[in-house]
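Inspection log for the structure reproduced underneath, given as structure tokens.
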Amino acid sequence: MQILKTLVGIASAAALLTACNNVDFKKTKSGIPYKVFSSNKGDSIKPNYIVKFQVIQRVKDSVLYSSYAVNQPQYLQVQPSTTPSNYMDIKGNIMELLPKLRKGDSVYMTQSTDTIFKQNPEAASKSTFKKGDQIITTLRIEDVYKTPEEANEAYTKDAVKSFESNDKQNQERFRKDTMVQASLARDSKIIENYLASKNIQAKKTDWGIYVQELAPGSGPKPAPGKFASVRYNGMNLEGQTFDSGVYPIQVGMGGSIKGFEEGVRQLSKGGKARIYIPSILGYGPQGSPPKIQPNQILVFDMELLDITDKQPAPQAQPNIDTTQRQ
């Protein structure tokens, strides 16, 4: 679960700034001024509860980070601090404030670069910030969960929404990257020549992998968020196996190389296929030594064993060398 669209849009952040001109600020233990805008309605936050929130950081009109912009609300489990409060540790200061908040509350925090540079003079020479700047952090508590199970369910739903909205954008960026496309074109030619020499019929997907259907499955294909149990055998084009096993991949959650997940998404339950993956959708120029060389085209025989809503129970299996990197 990760720890940390603009706070209800940039307009809302601007509204908070205007409101802050008319209120008194409190300070965290490390001295960061803050103001809470309370809903006075939502559930209070207690230790070990998990909080879902949106956050934005900016300097003047320049947005440094926005969970809205990346379509990814943040989750944080409330735990007491075991170390002294630090002015430069915004996450630690947020953790300090969470027990004072409720669902629906918003917080406005300001950090002075002058104070940061005073506490850490070395930062002044390395930072892009200037003296006199104010780093503004605004966050809004969207939900509060009492158990990890509740939070994980909500996190998965958010991740699925993020995947669905970002997938087309990522594919568009992928197509516009000239270096990526040069690598893809080179490997695609090699794969197509190989398929032609073996008289193999394979379908090319939008992302650029090639799917040779070996046996049709039945039912729907795995949707984002679903767990797909896949029996696989990974090879190079010469047919030499580098890995095999059964892997319960959660579709859309970034738990495998892109080409592997794209192959899984082409199958229905019981379906079998041979997937040809250009290196840029595998391990690219870095490879995964010693088994997978730089710029190596990958081939996977896949069988989709099952599709479930929850992660299957762990089972003994080989180390899945090719599906542990994002």
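FYI, nothing fancy with the structure tokens labels: chains A, B, ... in order, residues from 1 per chain, ligands from 1 as they appear.
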(request) Find the residues around Asn152 (chain A) up to 10 Å (only C-alpha atoms counted), leave out those fewer than 6 positions away in its own chain, and share them as a list in words. (result)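 In the requested form, the answer reads Met1, Ile50, Tyr75, Tyr145 and Asp158 of chain A.
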Kindly save the residues from that selection, with C-alpha atoms included, as a PDB file, in the first residue's frame.
ATOM      1  CA  MET A   1       0.000   0.000   0.000  1.00  0.00           C
ATOM      2  CA  ILE A  50      -5.937   3.888   7.901  1.00  0.00           C
ATOM      3  CA  TYR A  75      -3.212   5.885   2.173  1.00  0.00           C
ATOM      4  CA  TYR A 145     -10.852   2.802   7.630  1.00  0.00           C
ATOM      5  CA  ASP A 158      -8.843   3.233  -6.525  1.00  0.00           C
TER       6      ASP A 158
END
Write out as a CSV table (one decimal) with N, CA and C atoms, in the first residue's frame each polymer residue whose atoms come within 9 Å of region 263-268 of chain A, counting only C-alpha atoms; drop sequence neighbours fewer than 6 positions from it.
chain,number,residue,atom,x,y,z
A,205,THR,N,-1.1,-7.1,-30.4
A,205,THR,CA,-2.0,-6.2,-29.6
A,205,THR,C,-1.6,-4.8,-29.8
A,209,ILE,N,2.7,-6.7,-28.2
A,209,ILE,CA,3.1,-8.1,-28.0
A,209,ILE,C,2.4,-8.9,-29.1
A,210,TYR,N,2.9,-10.1,-29.3
A,210,TYR,CA,2.3,-11.0,-30.3
A,210,TYR,C,1.7,-12.2,-29.6
A,211,VAL,N,0.4,-12.6,-29.9
A,211,VAL,CA,-0.3,-13.7,-29.2
A,211,VAL,C,-0.6,-14.8,-30.2
A,213,GLU,N,-2.6,-18.1,-30.2
A,213,GLU,CA,-3.5,-18.8,-29.4
A,213,GLU,C,-3.3,-20.3,-29.6
A,216,PRO,N,-8.5,-22.1,-26.9
A,216,PRO,CA,-9.4,-21.1,-26.4
A,216,PRO,C,-9.9,-21.3,-25.0
A,217,GLY,N,-10.1,-20.3,-24.3
A,217,GLY,CA,-10.7,-20.5,-22.9
A,217,GLY,C,-12.1,-20.2,-23.0
A,218,SER,N,-12.7,-20.0,-21.9
A,218,SER,CA,-14.2,-19.7,-21.8
A,218,SER,C,-14.4,-18.6,-20.8
A,219,GLY,N,-15.4,-17.8,-21.0
A,219,GLY,CA,-15.8,-16.7,-20.0
A,219,GLY,C,-15.0,-15.4,-20.3
A,220,PRO,N,-15.1,-14.5,-19.4
A,220,PRO,CA,-14.5,-13.2,-19.6
A,220,PRO,C,-13.0,-13.3,-19.3
A,221,LYS,N,-12.3,-12.3,-19.9
A,221,LYS,CA,-10.9,-12.1,-19.6
A,221,LYS,C,-10.7,-11.4,-18.3
A,222,PRO,N,-9.5,-11.5,-17.6
A,222,PRO,CA,-9.3,-10.9,-16.3
A,222,PRO,C,-9.4,-9.4,-16.4
A,223,ALA,N,-10.2,-8.7,-15.6
A,223,ALA,CA,-10.4,-7.3,-15.6
A,223,ALA,C,-9.4,-6.7,-14.6
A,224,PRO,N,-9.0,-5.4,-14.7
A,224,PRO,CA,-8.1,-4.8,-13.7
A,224,PRO,C,-8.6,-5.0,-12.3
A,228,ALA,N,-5.3,-13.3,-11.4
A,228,ALA,CA,-5.3,-14.4,-12.5
A,228,ALA,C,-4.2,-15.3,-12.2
A,230,VAL,N,-1.7,-18.0,-13.3
A,230,VAL,CA,-1.2,-18.3,-14.6
A,230,VAL,C,0.0,-19.3,-14.5
A,249,ILE,N,-1.0,-13.2,-10.6
A,249,ILE,CA,-0.9,-11.8,-10.9
A,249,ILE,C,-2.2,-11.0,-10.7
A,251,VAL,N,-4.1,-8.1,-11.9
A,251,VAL,CA,-4.1,-7.4,-13.2
A,251,VAL,C,-4.2,-5.9,-12.9
A,274,ARG,N,0.9,-18.7,-26.6
A,274,ARG,CA,2.3,-18.4,-26.6
A,274,ARG,C,2.5,-16.9,-26.9
A,275,ILE,N,3.1,-16.2,-26.0
A,275,ILE,CA,3.2,-14.8,-26.1
A,275,ILE,C,4.7,-14.4,-26.4
A,276,TYR,N,4.8,-13.5,-27.5
A,276,TYR,CA,6.1,-13.0,-27.9
A,276,TYR,C,6.2,-11.6,-27.5
A,277,ILE,N,7.2,-11.3,-26.7
A,277,ILE,CA,7.3,-10.0,-26.0
A,277,ILE,C,8.5,-9.2,-26.5
A,300,PHE,N,6.6,-16.5,-23.8
A,300,PHE,CA,6.0,-17.2,-22.7
A,300,PHE,C,4.9,-18.1,-23.2
A,302,MET,N,1.7,-19.6,-21.8
A,302,MET,CA,0.8,-19.3,-20.7
A,302,MET,C,-0.5,-20.2,-20.7
A,303,GLU,N,-1.0,-20.5,-19.5
A,303,GLU,CA,-2.3,-21.1,-19.4
A,303,GLU,C,-3.0,-20.4,-18.2
A,304,LEU,N,-4.1,-19.8,-18.4
A,304,LEU,CA,-4.9,-19.1,-17.4
A,304,LEU,C,-5.7,-20.1,-16.6
A,305,LEU,N,-5.3,-20.4,-15.4
A,305,LEU,CA,-5.9,-21.5,-14.6
A,305,LEU,C,-7.2,-21.0,-13.9
A,306,ASP,N,-7.2,-19.7,-13.4
A,306,ASP,CA,-8.4,-19.3,-12.7
A,306,ASP,C,-8.3,-17.8,-12.6
A,307,ILE,N,-9.5,-17.2,-12.4
A,307,ILE,CA,-9.7,-15.7,-12.2
A,307,ILE,C,-10.5,-15.6,-10.9
(request) Return the single residue from A:Gln79, A:Gln74, A:Gln296, A:Ser244 that is closest to Pro99 (chain A), with distances computed using only C-alpha atoms. (result)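 With only C-alpha atoms as the atom set, the closest residue is A:Gln79.
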(message) Between CA of Trp207 (chain A) and CA of Thr178 (chain A), what distance in Å does the model show, to one decimal?
(response)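 Taking CA of Trp207 (chain A) and CA of Thr178 (chain A), their separation equals 14.9 Å.
When only C-alpha atoms are used to measure the gap to Asn71 (chain A), the shortest distance among A:Ser229, A:Ser30, A:Ser162, A:Asn120 belongs to A:Ser162.
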(message) Report, in Å with one decimal, the straight-line distance from CA of Glu122 (chain A) to CA of Tyr87 (chain A).
(response) 15.4 Å
(message) Which residues are near Gly104 (chain A)? Cut-off 8 Å, only C-alpha atoms, ignore same chain within fewer than 4 positions. Put them as a list of chain:residue names.
(response)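 Within the cut-off, the hits are A:Ser38, A:Ser39, A:Lys41, A:Gly42, A:Arg140, A:Ile141, A:Glu142, A:Asp143.
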(request) Considering only C-alpha atoms, return as a PyMOL selection string whatever protein or nucleic-acid residues lie within 9 Å of Asn40 (chain A), sequence-local ones (same chain, fewer than 3 positions apart) excluded. (result) chain A and resi 43+102-105
How about saving the chosen residues, C-alpha atoms kept, as a PDB file, in the first residue's frame?
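Once everything was written out, this is out.pdb:
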ATOM      1  CA  ASP A  43     -15.479   9.791  11.788  1.00  0.00           C
ATOM      2  CA  ARG A 102     -11.957  13.731  11.010  1.00  0.00           C
ATOM      3  CA  LYS A 103     -13.203  12.418   7.708  1.00  0.00           C
ATOM      4  CA  GLY A 104     -13.921  15.410   5.478  1.00  0.00           C
ATOM      5  CA  ASP A 105     -11.416  17.729   7.196  1.00  0.00           C
TER       6      ASP A 105
END
(request) Check the DSSP output for the backbone and give back, as JSON, numbers by chain, the residues of region 67-213 of chain A in strand (DSSP E). (result) {"A": [74, 75, 76, 77, 106, 107, 108, 109, 110, 111, 112, 134, 135, 136, 137, 138, 139, 140, 141, 142, 143, 144, 145, 203, 204, 210, 211, 212, 213]}
What does the file look like for those residues with N, CA and C atoms, as a PDB file, in the first residue's frame?
ATOM      1  N   GLN A  74      -3.839   8.931  -1.571  1.00  0.00           N
ATOM      2  CA  GLN A  74      -2.818   8.323  -0.731  1.00  0.00           C
ATOM      3  C   GLN A  74      -3.438   7.655   0.488  1.00  0.00           C
ATOM      4  N   TYR A  75      -2.760   6.621   1.000  1.00  0.00           N
ATOM      5  CA  TYR A  75      -3.212   5.885   2.173  1.00  0.00           C
ATOM      6  C   TYR A  75      -2.095   5.879   3.207  1.00  0.00           C
ATOM      7  N   LEU A  76      -2.468   6.093   4.474  1.00  0.00           N
ATOM      8  CA  LEU A  76      -1.480   6.149   5.544  1.00  0.00           C
ATOM      9  C   LEU A  76      -2.083   5.587   6.826  1.00  0.00           C
ATOM     10  N   GLN A  77      -1.391   4.622   7.432  1.00  0.00           N
ATOM     11  CA  GLN A  77      -1.853   4.071   8.702  1.00  0.00           C
ATOM     12  C   GLN A  77      -1.338   4.942   9.850  1.00  0.00           C
ATOM     13  N   SER A 106      -9.956  19.304   6.079  1.00  0.00           N
ATOM     14  CA  SER A 106      -8.862  19.736   5.221  1.00  0.00           C
ATOM     15  C   SER A 106      -7.808  20.434   6.075  1.00  0.00           C
ATOM     16  N   VAL A 107      -6.560  20.345   5.641  1.00  0.00           N
ATOM     17  CA  VAL A 107      -5.461  20.960   6.379  1.00  0.00           C
ATOM     18  C   VAL A 107      -4.608  21.773   5.419  1.00  0.00           C
ATOM     19  N   TYR A 108      -4.190  22.941   5.888  1.00  0.00           N
ATOM     20  CA  TYR A 108      -3.319  23.833   5.128  1.00  0.00           C
ATOM     21  C   TYR A 108      -2.045  24.019   5.943  1.00  0.00           C
ATOM     22  N   MET A 109      -0.870  23.673   5.371  1.00  0.00           N
ATOM     23  CA  MET A 109       0.407  23.757   6.077  1.00  0.00           C
ATOM     24  C   MET A 109       1.399  24.577   5.269  1.00  0.00           C
ATOM     25  N   THR A 110       2.267  25.320   5.948  1.00  0.00           N
ATOM     26  CA  THR A 110       3.279  26.127   5.256  1.00  0.00           C
ATOM     27  C   THR A 110       4.656  25.856   5.851  1.00  0.00           C
ATOM     28  N   GLN A 111       5.629  25.637   4.981  1.00  0.00           N
ATOM     29  CA  GLN A 111       7.018  25.489   5.397  1.00  0.00           C
ATOM     30  C   GLN A 111       7.840  26.612   4.762  1.00  0.00           C
ATOM     31  N   SER A 112       8.624  27.280   5.570  1.00  0.00           N
ATOM     32  CA  SER A 112       9.468  28.365   5.090  1.00  0.00           C
ATOM     33  C   SER A 112      10.808  27.805   4.627  1.00  0.00           C
ATOM     34  N   GLN A 134       7.633  29.857   0.226  1.00  0.00           N
ATOM     35  CA  GLN A 134       6.779  29.102   1.138  1.00  0.00           C
ATOM     36  C   GLN A 134       6.323  27.833   0.420  1.00  0.00           C
ATOM     37  N   ILE A 135       6.611  26.679   1.014  1.00  0.00           N
ATOM     38  CA  ILE A 135       6.133  25.411   0.470  1.00  0.00           C
ATOM     39  C   ILE A 135       4.766  25.132   1.101  1.00  0.00           C
ATOM     40  N   ILE A 136       3.746  25.130   0.281  1.00  0.00           N
ATOM     41  CA  ILE A 136       2.373  24.972   0.760  1.00  0.00           C
ATOM     42  C   ILE A 136       1.924  23.524   0.545  1.00  0.00           C
ATOM     43  N   THR A 137       1.496  22.878   1.620  1.00  0.00           N
ATOM     44  CA  THR A 137       0.938  21.527   1.530  1.00  0.00           C
ATOM     45  C   THR A 137      -0.513  21.577   1.980  1.00  0.00           C
ATOM     46  N   THR A 138      -1.402  21.122   1.114  1.00  0.00           N
ATOM     47  CA  THR A 138      -2.817  21.036   1.471  1.00  0.00           C
ATOM     48  C   THR A 138      -3.262  19.595   1.305  1.00  0.00           C
ATOM     49  N   LEU A 139      -4.053  19.125   2.236  1.00  0.00           N
ATOM     50  CA  LEU A 139      -4.581  17.773   2.122  1.00  0.00           C
ATOM     51  C   LEU A 139      -6.020  17.724   2.610  1.00  0.00           C
ATOM     52  N   ARG A 140      -6.746  16.747   2.082  1.00  0.00           N
ATOM     53  CA  ARG A 140      -8.141  16.557   2.459  1.00  0.00           C
ATOM     54  C   ARG A 140      -8.377  15.091   2.790  1.00  0.00           C
ATOM     55  N   ILE A 141      -8.967  14.837   3.959  1.00  0.00           N
ATOM     56  CA  ILE A 141      -9.257  13.469   4.390  1.00  0.00           C
ATOM     57  C   ILE A 141     -10.524  12.993   3.674  1.00  0.00           C
ATOM     58  N   GLU A 142     -10.363  11.993   2.797  1.00  0.00           N
ATOM     59  CA  GLU A 142     -11.502  11.489   2.033  1.00  0.00           C
ATOM     60  C   GLU A 142     -12.218  10.354   2.744  1.00  0.00           C
ATOM     61  N   ASP A 143     -11.472   9.523   3.469  1.00  0.00           N
ATOM     62  CA  ASP A 143     -12.124   8.408   4.157  1.00  0.00           C
ATOM     63  C   ASP A 143     -11.233   7.901   5.267  1.00  0.00           C
ATOM     64  N   VAL A 144     -11.853   7.170   6.194  1.00  0.00           N
ATOM     65  CA  VAL A 144     -11.151   6.597   7.335  1.00  0.00           C
ATOM     66  C   VAL A 144     -11.566   5.134   7.455  1.00  0.00           C
ATOM     67  N   TYR A 145     -10.573   4.235   7.560  1.00  0.00           N
ATOM     68  CA  TYR A 145     -10.852   2.802   7.630  1.00  0.00           C
ATOM     69  C   TYR A 145     -10.314   2.233   8.941  1.00  0.00           C
ATOM     70  N   LYS A 203      -1.511 -12.748 -33.334  1.00  0.00           N
ATOM     71  CA  LYS A 203      -2.161 -11.435 -33.346  1.00  0.00           C
ATOM     72  C   LYS A 203      -1.320 -10.437 -32.556  1.00  0.00           C
ATOM     73  N   LYS A 204      -1.105  -9.259 -33.144  1.00  0.00           N
ATOM     74  CA  LYS A 204      -0.363  -8.197 -32.468  1.00  0.00           C
ATOM     75  C   LYS A 204      -1.341  -7.306 -31.716  1.00  0.00           C
ATOM     76  N   TYR A 210       2.861 -10.132 -29.303  1.00  0.00           N
ATOM     77  CA  TYR A 210       2.255 -11.030 -30.298  1.00  0.00           C
ATOM     78  C   TYR A 210       1.681 -12.242 -29.566  1.00  0.00           C
ATOM     79  N   VAL A 211       0.429 -12.595 -29.891  1.00  0.00           N
ATOM     80  CA  VAL A 211      -0.281 -13.660 -29.190  1.00  0.00           C
ATOM     81  C   VAL A 211      -0.617 -14.781 -30.173  1.00  0.00           C
ATOM     82  N   GLN A 212      -0.044 -15.941 -29.923  1.00  0.00           N
ATOM     83  CA  GLN A 212      -0.359 -17.138 -30.697  1.00  0.00           C
ATOM     84  C   GLN A 212      -1.303 -17.994 -29.857  1.00  0.00           C
ATOM     85  N   GLU A 213      -2.554 -18.062 -30.230  1.00  0.00           N
ATOM     86  CA  GLU A 213      -3.527 -18.830 -29.449  1.00  0.00           C
ATOM     87  C   GLU A 213      -3.283 -20.324 -29.641  1.00  0.00           C
TER      88      GLU A 213
END
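Distances here use only C-alpha atoms; by that measure, the residue among A:Gly284, A:Val299, A:Ile190, A:Arg173 closest to Asn233 (chain A) is A:Val299.
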(message) With distances taken over only C-alpha atoms, which residue among A:Lys168, A:Lys131, A:Lys52, A:Lys161 lies nearest Gly225 (chain A)?
(response) A:Lys161
